[in-house]
$ cat start30.cif   # mmCIF, C-alpha atoms
data_protein
#
loop_
_atom_site.label_atom_id
_atom_site.label_comp_id
_atom_site.auth_asym_id
_atom_site.auth_seq_id
_atom_site.Cartn_x
_atom_site.Cartn_y
_atom_site.Cartn_z
CA MET A 214 0.00 0.00 0.00
CA GLU A 215 1.04 3.53 -0.62
CA ILE A 216 1.22 6.00 2.25
CA LYS A 217 -0.76 8.83 0.72
CA LYS A 218 -0.66 11.27 3.62
CA ALA A 219 0.40 11.52 7.25
CA ALA A 220 -1.82 9.54 9.63
CA VAL A 221 -1.80 8.61 13.32
CA ALA A 222 -3.35 5.80 15.35
CA GLY A 223 -3.14 4.83 19.01
CA THR A 224 -2.33 6.66 22.21
CA VAL A 225 0.48 6.91 24.73
CA GLU A 226 -1.62 5.26 27.44
CA SER A 227 -0.27 2.20 29.20
CA SER A 228 -0.49 -1.02 27.09
CA ASP A 229 -0.95 1.05 23.92
CA CYS A 230 1.37 2.57 21.33
CA MET A 231 1.12 5.61 19.10
CA VAL A 232 1.97 5.06 15.46
CA THR A 233 2.56 7.89 12.97
CA VAL A 234 3.11 7.22 9.28
CA GLU A 235 4.17 9.67 6.57
CA PRO A 236 5.10 9.27 2.90
CA GLY A 237 8.72 8.09 2.84
CA ASN A 238 11.82 8.76 0.78
CA GLY A 239 11.99 5.41 -0.99
CA SER A 240 12.43 3.07 1.97
CA ILE A 241 11.21 2.26 5.48
CA GLU A 242 12.57 4.71 8.05
CA LEU A 243 11.68 3.60 11.59
CA ASP A 244 11.86 5.78 14.68
CA LEU A 245 11.07 3.56 17.69
CA SER A 246 10.92 4.52 21.33
CA SER A 247 9.79 2.18 24.07
CA ALA A 248 10.06 1.94 27.83
CA VAL A 249 10.92 -1.73 27.37
CA ILE A 250 13.31 -1.37 24.44
CA ARG A 251 16.14 -3.22 26.20
CA GLN A 252 14.12 -6.38 26.76
CA PHE A 253 11.76 -6.26 23.79
CA GLY A 254 13.34 -3.93 21.20
CA PRO A 255 14.17 -6.70 18.69
CA GLN A 256 10.72 -8.28 19.03
CA ILE A 257 8.93 -4.93 18.59
CA ARG A 258 11.01 -4.14 15.49
CA LYS A 259 10.24 -7.59 14.09
CA VAL A 260 6.48 -7.05 14.54
CA ILE A 261 6.68 -3.60 12.92
CA TYR A 262 8.60 -4.81 9.87
CA GLU A 263 6.45 -7.94 9.47
CA THR A 264 3.27 -5.87 9.62
CA LEU A 265 4.53 -3.35 7.06
CA ASN A 266 5.64 -6.24 4.87
CA ARG A 267 2.19 -7.87 4.97
CA LEU A 268 0.63 -4.52 4.06
CA GLU A 269 3.20 -4.15 1.25
CA VAL A 270 4.30 -0.80 2.63
CA ASN A 271 7.92 -0.20 1.68
CA ASP A 272 8.12 3.56 1.40
CA VAL A 273 7.28 5.16 4.73
CA ASN A 274 8.56 7.20 7.61
CA ILE A 275 7.09 5.49 10.64
CA LYS A 276 7.32 6.58 14.24
CA VAL A 277 6.26 4.20 17.02
CA VAL A 278 6.00 5.33 20.64
CA ASP A 279 5.43 2.14 22.61
CA LYS A 280 3.98 2.06 26.11
CA GLY A 281 4.17 -1.67 26.72
CA ALA A 282 1.74 -2.74 23.99
CA LEU A 283 1.19 -6.42 23.18
CA ASP A 284 2.23 -7.54 19.69
CA CYS A 285 -1.42 -7.63 18.65
CA THR A 286 -1.85 -3.98 19.63
CA ILE A 287 1.28 -2.89 17.73
CA LYS A 288 -0.02 -4.62 14.61
CA ALA A 289 -3.50 -3.09 15.05
CA ARG A 290 -2.15 0.44 15.45
CA ILE A 291 0.15 0.19 12.40
CA GLU A 292 -2.69 -1.15 10.28
CA ALA A 293 -5.06 1.56 11.48
CA ALA A 294 -2.52 4.30 10.66
CA VAL A 295 -1.76 2.85 7.19
CA TYR A 296 -5.45 2.48 6.29
CA ARG A 297 -6.15 5.99 7.59
CA SER A 298 -3.45 7.34 5.31
CA ASN A 299 -5.55 5.90 2.47
CA ASP A 300 -8.93 6.99 3.93
CA THR A 301 -10.06 3.34 3.81
CA LYS A 302 -12.55 2.19 6.43
CA LYS A 303 -14.51 -0.54 4.66
CA ASP A 304 -13.87 -3.85 2.91
CA ILE A 305 -10.78 -4.43 5.01
CA PRO A 306 -9.01 -7.69 4.02
CA TRP A 307 -9.48 -9.43 7.40
CA GLY A 308 -7.55 -12.68 7.37
CA GLY A 309 -5.64 -11.54 4.26
CA SER A 310 -3.03 -8.83 4.71
CA ILE A 311 -4.64 -8.21 8.10
CA ARG A 312 -3.74 -11.26 10.17
CA MET B 225 -26.99 -28.96 14.20
CA LYS B 226 -27.73 -26.40 16.89
CA ASN B 227 -24.81 -24.50 18.35
CA PRO B 228 -24.04 -26.14 21.74
CA ASN B 229 -23.31 -22.71 23.24
CA LEU B 230 -26.91 -21.50 22.92
CA LYS B 231 -27.62 -22.37 26.56
CA ARG B 232 -24.25 -21.80 28.20
CA LEU B 233 -23.88 -20.18 31.61
CA ARG B 234 -24.15 -16.38 31.31
CA ARG B 235 -24.46 -14.87 34.76
CA SER B 236 -22.15 -11.93 34.10
CA MET B 237 -21.59 -10.05 30.83
CA MET B 238 -18.83 -7.48 31.23
CA PHE B 239 -18.59 -4.53 28.81
CA LEU B 240 -15.11 -3.67 27.54
CA ASN B 241 -14.21 -0.76 25.28
CA CYS B 242 -12.35 -1.99 22.18
CA GLN B 243 -10.72 1.44 21.90
CA LYS B 244 -8.61 0.68 25.01
CA PRO B 245 -5.98 -2.07 24.63
CA SER B 246 -5.46 -2.11 28.40
CA LEU B 247 -9.07 -3.22 28.90
CA ILE B 248 -9.24 -5.99 26.34
CA LYS B 249 -5.85 -7.62 26.92
CA ASP B 250 -6.62 -9.74 29.99
CA PRO B 251 -10.21 -9.45 31.35
CA TYR B 252 -10.35 -13.25 31.82
CA ILE B 253 -8.43 -12.83 35.09
CA TYR B 254 -11.68 -11.60 36.68
CA LYS B 255 -13.53 -14.72 35.48
CA PRO B 256 -16.70 -13.21 34.01
CA ASP B 257 -18.88 -15.68 32.11
CA CYS B 258 -18.95 -13.40 29.05
CA ILE B 259 -17.24 -10.26 27.85
CA ILE B 260 -18.91 -7.80 25.53
CA LEU B 261 -16.24 -6.29 23.30
CA ASP B 262 -17.80 -2.95 22.49
CA LEU B 263 -17.53 -1.25 19.11
CA GLU B 264 -20.59 0.92 19.78
CA ASP B 265 -21.21 3.62 22.37
CA ALA B 266 -17.92 3.35 24.28
CA VAL B 267 -15.88 3.96 21.13
CA ALA B 268 -15.49 7.56 19.95
CA HIS B 269 -16.73 8.06 16.39
CA SER B 270 -13.24 9.01 15.20
CA GLU B 271 -11.84 5.73 16.60
CA LYS B 272 -14.32 3.24 15.14
CA ASP B 273 -11.85 2.10 12.46
CA ALA B 274 -8.94 1.66 14.88
CA ALA B 275 -11.14 -0.21 17.39
CA ARG B 276 -11.92 -2.83 14.73
CA PHE B 277 -8.22 -3.56 14.11
CA SER B 278 -7.72 -3.95 17.86
CA LEU B 279 -10.75 -6.21 18.12
CA TYR B 280 -9.67 -8.43 15.23
CA HIS B 281 -6.20 -9.08 16.61
CA ALA B 282 -7.45 -9.50 20.18
CA LEU B 283 -9.93 -12.14 19.02
CA ARG B 284 -7.24 -13.92 17.01
CA GLU B 285 -4.34 -13.75 19.43
CA ILE B 286 -5.54 -13.42 23.03
CA ASP B 287 -6.56 -16.61 24.82
CA TYR B 288 -9.66 -15.57 26.77
CA ARG B 289 -9.66 -18.93 28.55
CA GLY B 290 -13.19 -20.03 27.84
CA VAL B 291 -14.86 -16.67 28.52
CA GLU B 292 -17.51 -16.09 25.85
CA ARG B 293 -16.55 -13.27 23.47
CA VAL B 294 -19.58 -11.26 22.41
CA VAL B 295 -19.07 -8.27 20.08
CA ARG B 296 -21.45 -5.31 20.35
CA ILE B 297 -21.79 -3.85 16.86
CA ASN B 298 -22.86 -0.34 15.92
CA GLY B 299 -26.53 0.37 15.28
CA LEU B 300 -28.26 -0.67 12.09
CA ASP B 301 -28.97 3.01 11.44
CA THR B 302 -25.23 3.64 10.92
CA ASP B 303 -22.86 2.80 8.05
CA LEU B 304 -20.62 0.90 10.47
CA TRP B 305 -22.39 -2.31 11.45
CA GLU B 306 -21.68 -4.39 8.34
CA GLU B 307 -17.91 -3.91 8.56
CA ASP B 308 -18.20 -4.55 12.32
CA ILE B 309 -19.72 -7.95 11.53
CA ARG B 310 -17.06 -8.78 8.90
CA CYS B 311 -14.34 -7.94 11.42
CA ALA B 312 -15.90 -9.81 14.35
CA VAL B 313 -16.75 -12.95 12.38
CA ALA B 314 -13.34 -13.02 10.66
CA GLY B 315 -11.76 -12.76 14.12
CA GLY B 316 -13.82 -15.73 15.31
CA CYS B 317 -16.06 -14.10 17.92
CA ASP B 318 -18.62 -16.30 19.64
CA SER B 319 -21.59 -13.96 19.34
CA ILE B 320 -22.84 -10.65 17.99
CA ARG B 321 -24.89 -8.30 20.16
CA ILE B 322 -27.28 -6.18 18.11
CA SER B 323 -27.84 -2.74 19.59
CA LYS B 324 -31.17 -0.91 19.50
CA THR B 325 -33.08 -3.93 18.20
CA GLU B 326 -36.69 -3.10 17.47
CA THR B 327 -38.06 -5.80 15.16
CA ALA B 328 -37.51 -9.34 13.94
CA ALA B 329 -36.44 -7.79 10.63
CA ASP B 330 -33.46 -6.19 12.42
CA VAL B 331 -32.34 -9.62 13.59
CA LYS B 332 -32.80 -11.13 10.13
CA LYS B 333 -30.70 -8.36 8.59
CA VAL B 334 -27.84 -9.08 11.00
CA GLU B 335 -28.23 -12.82 10.56
CA ALA B 336 -27.87 -12.45 6.77
CA ALA B 337 -24.67 -10.42 7.21
CA ILE B 338 -23.28 -13.02 9.63
CA ILE B 339 -24.03 -15.86 7.21
CA ALA B 340 -22.24 -13.96 4.42
CA ALA B 341 -19.25 -13.26 6.70
CA GLU B 342 -19.01 -16.89 7.87
CA LYS B 343 -18.88 -17.88 4.21
CA GLU B 344 -16.37 -15.16 3.26
CA PHE B 345 -13.95 -15.98 6.07
CA GLY B 346 -14.36 -19.77 6.15
CA ARG B 347 -15.95 -19.87 9.60
CA PRO B 348 -18.16 -22.89 10.38
CA GLU B 349 -21.76 -22.19 9.41
CA GLY B 350 -23.82 -21.39 12.50
CA SER B 351 -20.78 -20.81 14.73
CA THR B 352 -21.70 -17.17 15.43
CA LEU B 353 -24.63 -16.68 17.79
CA ILE B 354 -26.80 -13.58 18.19
CA MET B 355 -28.19 -11.64 21.11
CA ALA B 356 -30.39 -8.57 20.90
CA ALA B 357 -30.34 -5.47 23.08
CA LEU B 358 -33.74 -3.84 23.50
CA GLU B 359 -33.40 -0.13 24.08
CA SER B 360 -36.83 1.33 23.29
CA ALA B 361 -40.48 0.80 24.16
CA LYS B 362 -41.02 -0.54 20.65
CA GLY B 363 -38.18 -3.03 21.03
CA VAL B 364 -39.50 -4.26 24.37
CA LEU B 365 -43.04 -4.61 23.02
CA ASN B 366 -41.64 -6.66 20.13
CA SER B 367 -39.64 -8.94 22.46
CA LEU B 368 -41.43 -12.10 21.41
CA GLU B 369 -40.85 -11.72 17.66
CA ILE B 370 -37.24 -10.69 18.31
CA CYS B 371 -36.61 -13.76 20.48
CA GLN B 372 -38.01 -16.00 17.76
CA ALA B 373 -36.37 -14.32 14.76
CA SER B 374 -33.34 -16.61 14.41
CA GLU B 375 -32.09 -20.03 15.43
CA ARG B 376 -28.86 -18.29 16.38
CA MET B 377 -30.62 -16.13 18.99
CA PHE B 378 -29.48 -16.99 22.52
CA GLY B 379 -30.96 -14.09 24.43
CA ILE B 380 -32.27 -10.58 24.82
CA ALA B 381 -30.93 -7.83 27.06
CA LEU B 382 -32.50 -4.69 28.42
CA SER B 383 -30.44 -1.58 27.80
CA GLY B 384 -31.59 0.81 30.48
CA GLY B 385 -30.05 4.13 29.47
CA ASP B 386 -31.69 4.44 26.06
CA TYR B 387 -34.85 2.68 27.25
CA THR B 388 -35.54 5.22 30.01
CA LYS B 389 -34.79 8.03 27.57
CA ASP B 390 -37.39 6.58 25.21
CA LEU B 391 -39.89 6.24 28.07
CA GLN B 392 -39.23 9.90 28.89
CA THR B 393 -38.10 9.13 32.41
CA THR B 394 -34.78 8.67 34.21
CA ILE B 395 -32.98 5.92 36.10
CA SER B 396 -34.16 6.28 39.69
CA GLY B 397 -32.06 3.62 41.39
CA THR B 398 -35.21 1.87 42.61
CA GLY B 399 -35.82 -0.09 39.42
CA VAL B 400 -39.45 1.04 39.23
CA GLU B 401 -38.97 2.45 35.72
CA PHE B 402 -37.78 -0.98 34.50
CA MET B 403 -40.52 -3.11 36.08
CA GLY B 404 -42.76 -3.52 33.05
CA ALA B 405 -39.94 -4.11 30.58
CA ARG B 406 -38.18 -6.60 32.81
CA GLN B 407 -41.29 -8.68 33.40
CA PHE B 408 -42.35 -8.56 29.77
CA MET B 409 -38.90 -9.50 28.48
CA VAL B 410 -38.49 -12.45 30.86
CA MET B 411 -41.86 -13.80 29.74
CA ALA B 412 -40.98 -13.40 26.05
CA ALA B 413 -37.61 -15.08 26.57
CA ARG B 414 -39.09 -18.00 28.48
CA ALA B 415 -41.87 -18.44 25.92
CA SER B 416 -39.17 -18.67 23.24
CA GLY B 417 -36.60 -20.77 25.08
CA VAL B 418 -33.90 -18.08 25.06
CA GLN B 419 -32.08 -16.30 27.88
CA CYS B 420 -32.78 -12.88 29.35
CA PHE B 421 -30.24 -10.37 30.69
CA ASP B 422 -30.65 -7.22 32.70
CA THR B 423 -29.22 -3.76 32.14
CA VAL B 424 -26.09 -2.36 33.77
CA TYR B 425 -26.03 -0.73 37.21
CA THR B 426 -23.86 2.33 36.77
CA ASN B 427 -23.35 3.61 40.34
CA LEU B 428 -20.13 1.87 41.40
CA ASN B 429 -20.18 3.63 44.75
CA ASP B 430 -23.43 1.92 45.75
CA MET B 431 -22.62 -1.78 45.97
CA GLU B 432 -25.55 -2.40 48.34
CA GLY B 433 -27.93 -0.93 45.76
CA PHE B 434 -26.26 -3.11 43.14
CA ARG B 435 -26.77 -6.21 45.27
CA ARG B 436 -30.48 -5.40 45.74
CA ASP B 437 -30.81 -4.86 41.99
CA VAL B 438 -29.22 -8.24 41.19
CA GLU B 439 -31.37 -9.99 43.80
CA THR B 440 -34.48 -8.47 42.24
CA ILE B 441 -33.71 -9.59 38.70
CA HIS B 442 -32.62 -13.02 39.93
CA THR B 443 -36.00 -13.43 41.63
CA MET B 444 -37.77 -12.22 38.47
CA GLY B 445 -36.20 -15.04 36.46
CA PHE B 446 -33.35 -13.37 34.58
CA ASP B 447 -30.32 -15.43 33.54
CA GLY B 448 -27.69 -12.78 34.19
CA LYS B 449 -26.70 -9.15 34.24
CA SER B 450 -24.64 -6.78 32.13
CA ILE B 451 -21.85 -5.25 34.18
CA ILE B 452 -19.34 -2.45 33.77
CA ASN B 453 -16.69 -3.24 36.39
CA PRO B 454 -14.95 -6.42 37.64
CA ARG B 455 -15.98 -5.49 41.22
CA GLN B 456 -19.55 -6.38 40.28
CA ILE B 457 -18.72 -9.94 39.19
CA PRO B 458 -18.50 -11.71 42.59
CA ILE B 459 -21.88 -10.34 43.69
CA VAL B 460 -23.61 -11.44 40.48
CA HIS B 461 -22.03 -14.89 40.62
CA GLU B 462 -22.89 -15.33 44.29
CA ILE B 463 -26.55 -14.52 43.69
CA PHE B 464 -26.89 -16.50 40.45
CA THR B 465 -25.11 -19.64 41.67
CA PRO B 466 -27.32 -22.15 43.53
CA LYS B 467 -26.48 -22.47 47.24
CA GLU B 468 -25.54 -25.82 48.77
CA LYS B 469 -28.94 -26.06 50.51
CA GLU B 470 -30.75 -25.49 47.21
CA ILE B 471 -28.62 -28.10 45.44
CA ILE B 472 -29.26 -30.74 48.13
CA PHE B 473 -32.99 -29.99 48.02
CA ALA B 474 -33.07 -30.13 44.20
CA GLU B 475 -31.29 -33.49 44.25
CA LYS B 476 -33.85 -34.84 46.73
CA VAL B 477 -36.74 -33.52 44.62
CA VAL B 478 -35.45 -35.14 41.43
CA ARG B 479 -34.72 -38.47 43.11
CA GLU B 480 -38.04 -38.53 44.98
CA ILE B 481 -40.10 -37.63 41.92
CA ASP B 482 -38.35 -40.33 39.86
CA GLU B 483 -38.92 -42.90 42.62
CA LYS B 484 -42.48 -41.92 43.59
CA SER B 485 -43.75 -41.66 40.02
CA ALA B 486 -42.50 -45.22 39.42
CA GLN B 487 -44.66 -46.21 42.41
CA GLY B 488 -47.67 -44.31 41.04
CA ILE B 489 -47.52 -41.56 43.69
CA GLY B 490 -48.08 -38.02 42.40
CA VAL B 491 -47.91 -35.79 45.47
CA PHE B 492 -45.65 -36.15 48.51
CA THR B 493 -43.44 -34.09 50.81
CA VAL B 494 -39.70 -33.40 50.79
CA ASP B 495 -38.28 -31.72 53.92
CA GLY B 496 -41.83 -30.81 54.91
CA LYS B 497 -42.68 -29.17 51.56
CA MET B 498 -45.39 -30.41 49.22
CA ILE B 499 -43.83 -31.62 45.97
CA ASP B 500 -45.35 -32.81 42.70
CA ILE B 501 -44.23 -33.10 39.07
CA ALA B 502 -44.45 -29.32 38.61
CA PHE B 503 -41.23 -29.00 40.67
CA TYR B 504 -39.25 -31.38 38.47
CA ASP B 505 -38.02 -29.01 35.75
CA GLY B 506 -37.09 -26.33 38.27
CA ALA B 507 -35.02 -28.78 40.31
CA LYS B 508 -33.33 -30.07 37.16
CA ARG B 509 -32.55 -26.49 36.14
CA THR B 510 -31.01 -25.76 39.55
CA LEU B 511 -28.73 -28.77 39.19
CA ALA B 512 -27.78 -27.88 35.60
CA LEU B 513 -26.94 -24.33 36.66
CA ALA B 514 -24.93 -25.59 39.64
CA LYS B 515 -23.06 -27.98 37.38
CA ALA B 516 -22.28 -25.26 34.84
CA ALA B 517 -21.09 -22.99 37.66
CA GLY B 518 -18.79 -25.77 38.89
CA VAL B 519 -20.42 -26.25 42.30
CA TYR B 520 -22.16 -29.60 41.63
CA LYS B 521 -20.37 -32.74 40.58
CA GLY B 522 -23.30 -35.15 40.93
CA ASP B 523 -24.84 -37.21 38.16
CA LEU B 524 -28.42 -35.88 38.05
#
$ encode --input "start30.cif" --output "structure tokens"
Amino acid sequence: MEIKKAAVAGTVESSDCMVTVEPGNGSIELDLSSAVIRQFGPQIRKVIYETLNRLEVNDVNIKVVDKGALDCTIKARIEAAVYRSNDTKKDIPWGGSIR
Amino acid sequence: MKNPNLKRLRRSMMFLNCQKPSLIKDPYIYKPDCIILDLEDAVAHSEKDAARFSLYHALREIDYRGVERVVRINGLDTDLWEEDIRCAVAGGCDSIRISKTETAADVKKVEAAIIAAEKEFGRPEGSTLIMAALESAKGVLNSLEICQASERMFGIALSGGDYTKDLQTTISGTGVEFMGARQFMVMAARASGVQCFDTVYTNLNDMEGFRRDVETIHTMGFDGKSIINPRQIPIVHEIFTPKEKEIIFAEKVVREIDEKSAQGIGVFTVDGKMIDIAFYDGAKRTLALAKAAGVYKGDL
């Protein structure tokens, strides 16, 4: 998917994460901050890249502020931000690229 | 084949806002019988899309340890409910709660969307049950046709906030404004073989009032109550779980009726109380409820 405009999803409440996406400069640029980056940094990065890969997003500036979110929440927030950047709210491919 | 979960134990149904990851990540620790994952009123309009992504992944990835996962969809008067159903069914929810149900046609509309979603996402046909929230005088008066609108229907629930608004009154705390609806709905549910659930009690500072409210609806014949806080669960479960004395009495009634009817005796006494065949189903129900609640291990 193409990132058509800047979009945000999530919050900085406990167990959540705030994801911001913007059109990129030809690649994925990730800015990650997390209170648990020492223990879970690699796992969080893995989830972020896997999710972007499933969504076929490869040109994006993405900022993730993690507040101890579960993997399923990180995925959900990235997907929400990407779909918002396309103004798409219906006919979501549940079980396809969303899984 | 009928879904075996139609009659499962549903004493407590706890509302959880799908907009808040902290609420939906581990509610099973409080051991409610059901959770209602809310996409409707609790979710801000601007967050409806994001709440669905959270719901989908929670349903797919969080082990709710046997707690029934009901999804409350947005009203049929919105452009949100169909995507809500696609998301919930794809995620593998157990049931859909229809808000603001007023007619059997509302139920049929939702049922058709569920059937289409089960097909689209390869879910077993009939695996998604339905419950209907009645939130208006019209909905309550149509209870019977709503209860009987679908084989997937497992119950109806009173939704007190909107209902009192429609009646042009307010929630008094005494329950007087709900009396007619509660009685009418229990009768419609029983006549249709489905369950009946009461509205939430919103004053968390008045646990005595809550207890009285739960006792009232238990006596009226309800199957359970909608709740908004884990603190309310132990009270609901205590009141809706048969006591040891009741279980022992029910066992005696069932055994005595089986024995006496074989001897051609119709009326007799158990612990000084007159008993006849009319008590049989009630005693059996007490034992089934006790078994489902895990407090009876007997074989009756």
$ resolve_selection --input "start30.cif" --expression "the PyMOL selection byres ((chain A) within 9 of (chain B))" --output "list in words"
Ala222, Gly223, Glu226, Ser227, Ser228, Asp229, Ala282, Leu283, Cys285, Thr286, Lys288, Ala289, Arg290, Glu292, Ala293, Ala294, Tyr296, Arg297, Thr301, Lys302, Lys303, Asp304, Ile305, Trp307, Gly308, Ile311 and Arg312 of chain A
$ resolve_selection --input "start30.cif" --expression "the PyMOL selection byres ((chain A and resi 253-266) around 9)" --output "list in words"
Ile241, Leu243, Leu245, Ser246, Ser247, Val249, Ile250, Arg251, Gln252, Arg267, Leu268, Glu269, Val270, Asn271, Val277, Asp279, Asp284, Cys285, Ile287, Lys288, Ile291, Glu292, Val295, Ser310, Ile311 and Arg312 of chain A
$ atom_distance --input "start30.cif" --atom1 "CA of Met238 in chain B" --atom2 "CA of Val424 in chain B"
9.2 Å
$ atom_distance --input "start30.cif" --atom1 "CA of Met411 in chain B" --atom2 "CA of Asp265 in chain B"
28.0 Å
$ residues_around --input "start30.cif" --residues "range 444-449 of chain B" --least-positions-apart "6" --cutoff "7 Å" --atoms "all atoms listed in the file" --output "VMD selection string"
chain B and resid 234 to 237 410 419 to 424
$ axis_aligned_box --input "start30.cif" --around "range 241-245 of chain B" --padding-each-side "5 Å" --output "JSON"
{"center_x": -10.1, "center_y": -0.3, "center_z": 23.6, "size_x": 18.2, "size_y": 13.5, "size_z": 13.4}
$ resolve_selection --input "start30.cif" --expression "the PyMOL selection byres ((chain B and resi 360) around 6)" --output "PDB file with C-alpha atoms, keeping the file's coordinate frame"
ATOM      1  CA  GLU B 359     -33.400  -0.130  24.080  1.00  0.00           C
ATOM      2  CA  ALA B 361     -40.480   0.800  24.160  1.00  0.00           C
ATOM      3  CA  LYS B 362     -41.020  -0.540  20.650  1.00  0.00           C
ATOM      4  CA  GLY B 363     -38.180  -3.030  21.030  1.00  0.00           C
ATOM      5  CA  TYR B 387     -34.850   2.680  27.250  1.00  0.00           C
ATOM      6  CA  ASP B 390     -37.390   6.580  25.210  1.00  0.00           C
TER       7      ASP B 390
END
$ closest_residue --input "start30.cif" --among "A:Gly309, A:Glu242, A:Pro236, A:Ile275" --to "Glu215 in chain A" --atoms "all atoms listed in the file"
A:Pro236
$ residues_around --input "start30.cif" --residues "Ala507 in chain B" --least-positions-apart "5" --cutoff "12 Å" --atoms "all atoms listed in the file" --output "number ranges by chain"
B: 466, 470-481, 499-502, 512-514, 524
$ atom_distance --input "start30.cif" --atom1 "CA of Leu428 in chain B" --atom2 "CA of Pro454 in chain B"
10.5 Å
